[in-house]
Amino acid sequence: MAQLLIISGYLFLLLLLGIGASRLFRGTSQDYMLASHSIGPFLLLMSIFGTTMTAFALVGSTGESFKEGVGVYGMLASSSGIIHSLCFLLLGVKVWELGKKYEYRTQVQFFRDRLESRWIGVILFPVLVGLVIPYLLIGVMASGTVINKVTAGSIRDGQVVDGTFEEGTFPQFLEQGKKPKSEEPASFMYGSQGGVPKPLASLAICGIVLIYVFLGGMRGTTWANTFQTLVFMVLGIVTFVVIAWQLGGQESFWASLQMASNSIPVEKLTRIHIPPEKFLTYMFVPLSVGMFPHLFQHWLTARSAESFKLPIVAHPLFIAIVWVPCVLIGAWATSDLIAIPPPVAANPNAVLPFLVKQLAGPVLGGLLTAGILAAIMSSLDSQFLCLGTMFTEDVVRPLCGQRSLSDRQQLLVARLFIIGIVVLTYGLSLFEPRRVFTLGVWCFSGFSSLFPLIFAALYWPRLTKAGAYACVLAAAGSWLWLFRASEFAANPNFTVNIPVPITLDGDGYWQLMPVAAMIACSTVAMVCVSVVTKPPSDATVERFFPKNSS
Amino acid sequence: MKPAHGVWALILFLIIAHQDIWFWDDTTLVFGFLPVALAYHACISLAAAFTWYLATRFCWPSDQAPSAQGRDTA
């Protein structure tokens, strides 16, 4: 019960933060969506980092390391340190300059001008929203799992003991769960296990985030992001120390660290099961940040181009601070120092909350859980806000005309759309869960496949309207085709296999991440169609590529 | 060679260094607790931060003078 009280207290604190931000709200949609371009370097760093580090970073990385070993860090964390900052430098600063100059609020507005196409939003908007939904799903699913696991009981002799709630407290459909890939009937042991049922926990988190986003807009979201990023970084380190010490069981922290790592099975210490070409093509996944709509919006909140310098430099360091401990914890969980019960082992998303619950004690466990939830909510809030902005700016205003909606009406429409998307995502989260990491990689891959579009729009004057349409359609088509081939993310090890005569591991195939194929498709389509279609007008070229610019 | 070219060369080197097939099956624990695959890539993250610091000094894409952009306080 202590954990539940601490988590509730933390969520209440967030609501207060939203109310505080709402008192500074200037009442305009410009302030609600972009905080009136007032965000300086520190807040920009914290909000960008908090937004990019979601459940994927804490819950997902620990779970994936538990399944695949320490190679997970190289696959996504160190590569992100290189690629994310590259995107902030090459894309973020340019986007900010153009956004400030021409008053853009969304990606579609930028592309509409750059491509001289009123209707680019008709295909880009649904693609972007369609890709944000699995991203939201990651957070909604993980928040439910985390709260459930830390409030659940333990399993002894096939029975649930010491849960926060007795069996029968909640309706059966909330308490009972099925064992994955099994025909056994649903049971309490594979359901809520005496904790807050996942559907209820996810619902509560969606509600809290919605309230503080609605109250505070972009300013409230940025404040909450900064606060939550600090919370999850500090508590993440505390989690690491506590788990290492408890797991190693030695007198000194250092000796405990060594004991825990010495117990990691050999296959989790190496990358022998990861084909080098798969590892290489994982590097394309972090390109996704170039097309995240919520990150685009955060870039536009910056007060100046100079504000980007701190995020560019500190981002790789922050990634290391968060990911190294999580990956080590996941690898330790595979050792014989702790027994992971089958229901937890079957759901890698539950590994981190399980360890926190088992090793941290109720009060610290509650605080650490608040840290994990902070990471999840600091992404959900930006995504919620961004969806509302996109709907208002890219769909409603073009349809209704510039002057037909007042600021209040625009805010109302944005909020109603956000609620609609949250309801849809919440509904999807009730179906069979996927691994957070796998779902995240698919979602990011989709955004990465659109990276050539934003890069060409900023650096290639010859990009044409038809080339952009071809790029979006090729990206969406290849993503859908490959996602279906992976059994809708049910196969976590899905790769695109190309037969070749020579390979490093001698298996006769290059096993590439699907993202490599998607980027190849979208790039080829964009370039080929652009070079054979009518180039953009001189006025547009001069507008976006002025001759005096470097 | 201009400093900016050197920075871009360093970024390319980082991307190549990231493909550390030489540590693929190495089970060494650095300092007795950090798997070498993890330690090496943590160093890549540190090197990336330094490289991006150089990039903000020598490859800055904005041609707007700081004085024209307002002051940053937050």
# chains A, B, ... in the order shown; residues from 1 in each chain; ligands from 1
call {"tool": "closest_atom_pairs", "arguments": {"of": "chain A", "to": "chain B", "cutoff": "6 Å", "atoms": "only C-alpha atoms", "output": "CSV"}}
result
residue,atom,partner,partner_atom,distance
A:Gly40,CA,B:Ala74,CA,4.6
A:Phe42,CA,B:Ala74,CA,5.8
A:Gly74,CA,B:His41,CA,5.7
A:Ser78,CA,B:Ser45,CA,5.3
A:Gly81,CA,B:Ser45,CA,5.8
A:Ile82,CA,B:Ala48,CA,5.7
A:Leu257,CA,B:Phe33,CA,5.9
A:Gln258,CA,B:Phe33,CA,4.5
A:Ser261,CA,B:Phe33,CA,5.1
A:Leu269,CA,B:Thr27,CA,5.8
A:Thr270,CA,B:Asp25,CA,5.0
A:Arg271,CA,B:Trp24,CA,5.3
A:Ile272,CA,B:Asp25,CA,5.7
A:Ser304,CA,B:Gln69,CA,5.3
A:Val313,CA,B:Ala49,CA,5.0
A:Pro316,CA,B:Ser45,CA,5.3
call {"tool": "residues_around", "arguments": {"residues": "A:Ile321", "least_positions_apart": "3", "cutoff": "12 Å", "atoms": "only C-alpha atoms", "output": "PyMOL selection string"}}
result
(chain A and resi 49+53+57-58+73+77-78+81+229-230+232-238+240+314-318+324-328) or (chain B and resi 42-43+45-46)
call {"tool": "select_by_dssp", "arguments": {"residues": "chain B", "states": "alpha helix (DSSP H)", "output": "PyMOL selection string"}}
result
chain B and resi 3-17+36-58
call {"tool": "residues_around", "arguments": {"residues": "A:Gln358", "least_positions_apart": "3", "cutoff": "12 Å", "atoms": "only C-alpha atoms", "output": "list of chain:residue names"}}
result
A:Lys149, A:Val150, A:Thr151, A:Ala152, A:Gly153, A:Ser154, A:Ile155, A:Asp162, A:Thr239, A:Val242, A:Ile243, A:Gln246, A:Leu247, A:Ala333, A:Ile338, A:Ala339, A:Ile340, A:Pro341, A:Val351, A:Leu352, A:Pro353, A:Phe354, A:Leu355, A:Gly361, A:Pro362, A:Leu364, A:Gly365, A:Gly366
call {"tool": "residues_around", "arguments": {"residues": "stretch 474-480 of chain A", "least_positions_apart": "4", "cutoff": "9 Å", "atoms": "only C-alpha atoms", "output": "list in words"}}
result
Val127, Trp442, Ser445, Gly446, Phe447, Ser448, Ser449, Leu450, Tyr469, Ala470, Arg484, Ala485, Pro514, Val515, Ala517, Met518, Ile519, Cys521, Ser522, Thr523, Val524, Ala525 and Met526 of chain A
call {"tool": "residues_around", "arguments": {"residues": "stretch 422-430 of chain A", "least_positions_apart": "4", "cutoff": "8 Å", "atoms": "only C-alpha atoms", "output": "NGL selection string"}}
result
:A and (133-134 or 136-137 or 140-141 or 199 or 202-203 or 206 or 384 or 418)
call {"tool": "closest_residue", "arguments": {"among": "A:Pro293, A:Gly440, A:Gly249, A:Pro343", "to": "A:Val108", "atoms": "only C-alpha atoms"}}
result
A:Pro293
call {"tool": "atom_distance", "arguments": {"atom1": "atom CA of A:Lys198", "atom2": "atom CA of A:Phe488"}}
result
22.0 Å
call {"tool": "residues_around", "arguments": {"residues": "A:Arg114", "least_positions_apart": "6", "cutoff": "12 Å", "atoms": "only C-alpha atoms", "output": "PyMOL selection string"}}
result
chain A and resi 95+98-99+102+104+107-108+120+453-454+456-465+468+535-545
call {"tool": "residues_around", "arguments": {"residues": "A:Ala244", "least_positions_apart": "5", "cutoff": "8 Å", "atoms": "only C-alpha atoms", "output": "list of chain:residue names"}}
result
A:Phe253, A:Ser256, A:Leu257, A:Ala260, A:Ile329
call {"tool": "write_last_selection", "arguments": {"atoms": "N, CA, C and O atoms", "output": "compact mmCIF listing (two decimals), in the first residue's frame"}}
result
# COMPACT_ATOMS: atom_id res chain seq x y z
N PHE A 253 29.62 -1.62 -1.97
CA PHE A 253 28.88 -1.46 -3.24
C PHE A 253 29.70 -2.00 -4.40
O PHE A 253 29.20 -2.69 -5.29
N SER A 256 29.66 -5.68 -4.58
CA SER A 256 28.35 -6.14 -5.02
C SER A 256 28.20 -6.02 -6.53
O SER A 256 27.66 -6.91 -7.20
N LEU A 257 28.71 -4.88 -7.06
CA LEU A 257 28.69 -4.69 -8.51
C LEU A 257 29.41 -5.84 -9.21
O LEU A 257 28.92 -6.41 -10.19
N ALA A 260 27.54 -9.15 -8.97
CA ALA A 260 26.36 -9.20 -9.86
C ALA A 260 26.80 -9.42 -11.30
O ALA A 260 26.23 -10.26 -12.01
N ILE A 329 21.22 -3.73 -15.39
CA ILE A 329 20.19 -4.34 -14.53
C ILE A 329 19.50 -5.49 -15.27
O ILE A 329 19.28 -6.57 -14.72
call {"tool": "atom_distance", "arguments": {"atom1": "atom CA of A:Pro348", "atom2": "atom CA of A:Leu385"}}
result
29.3 Å
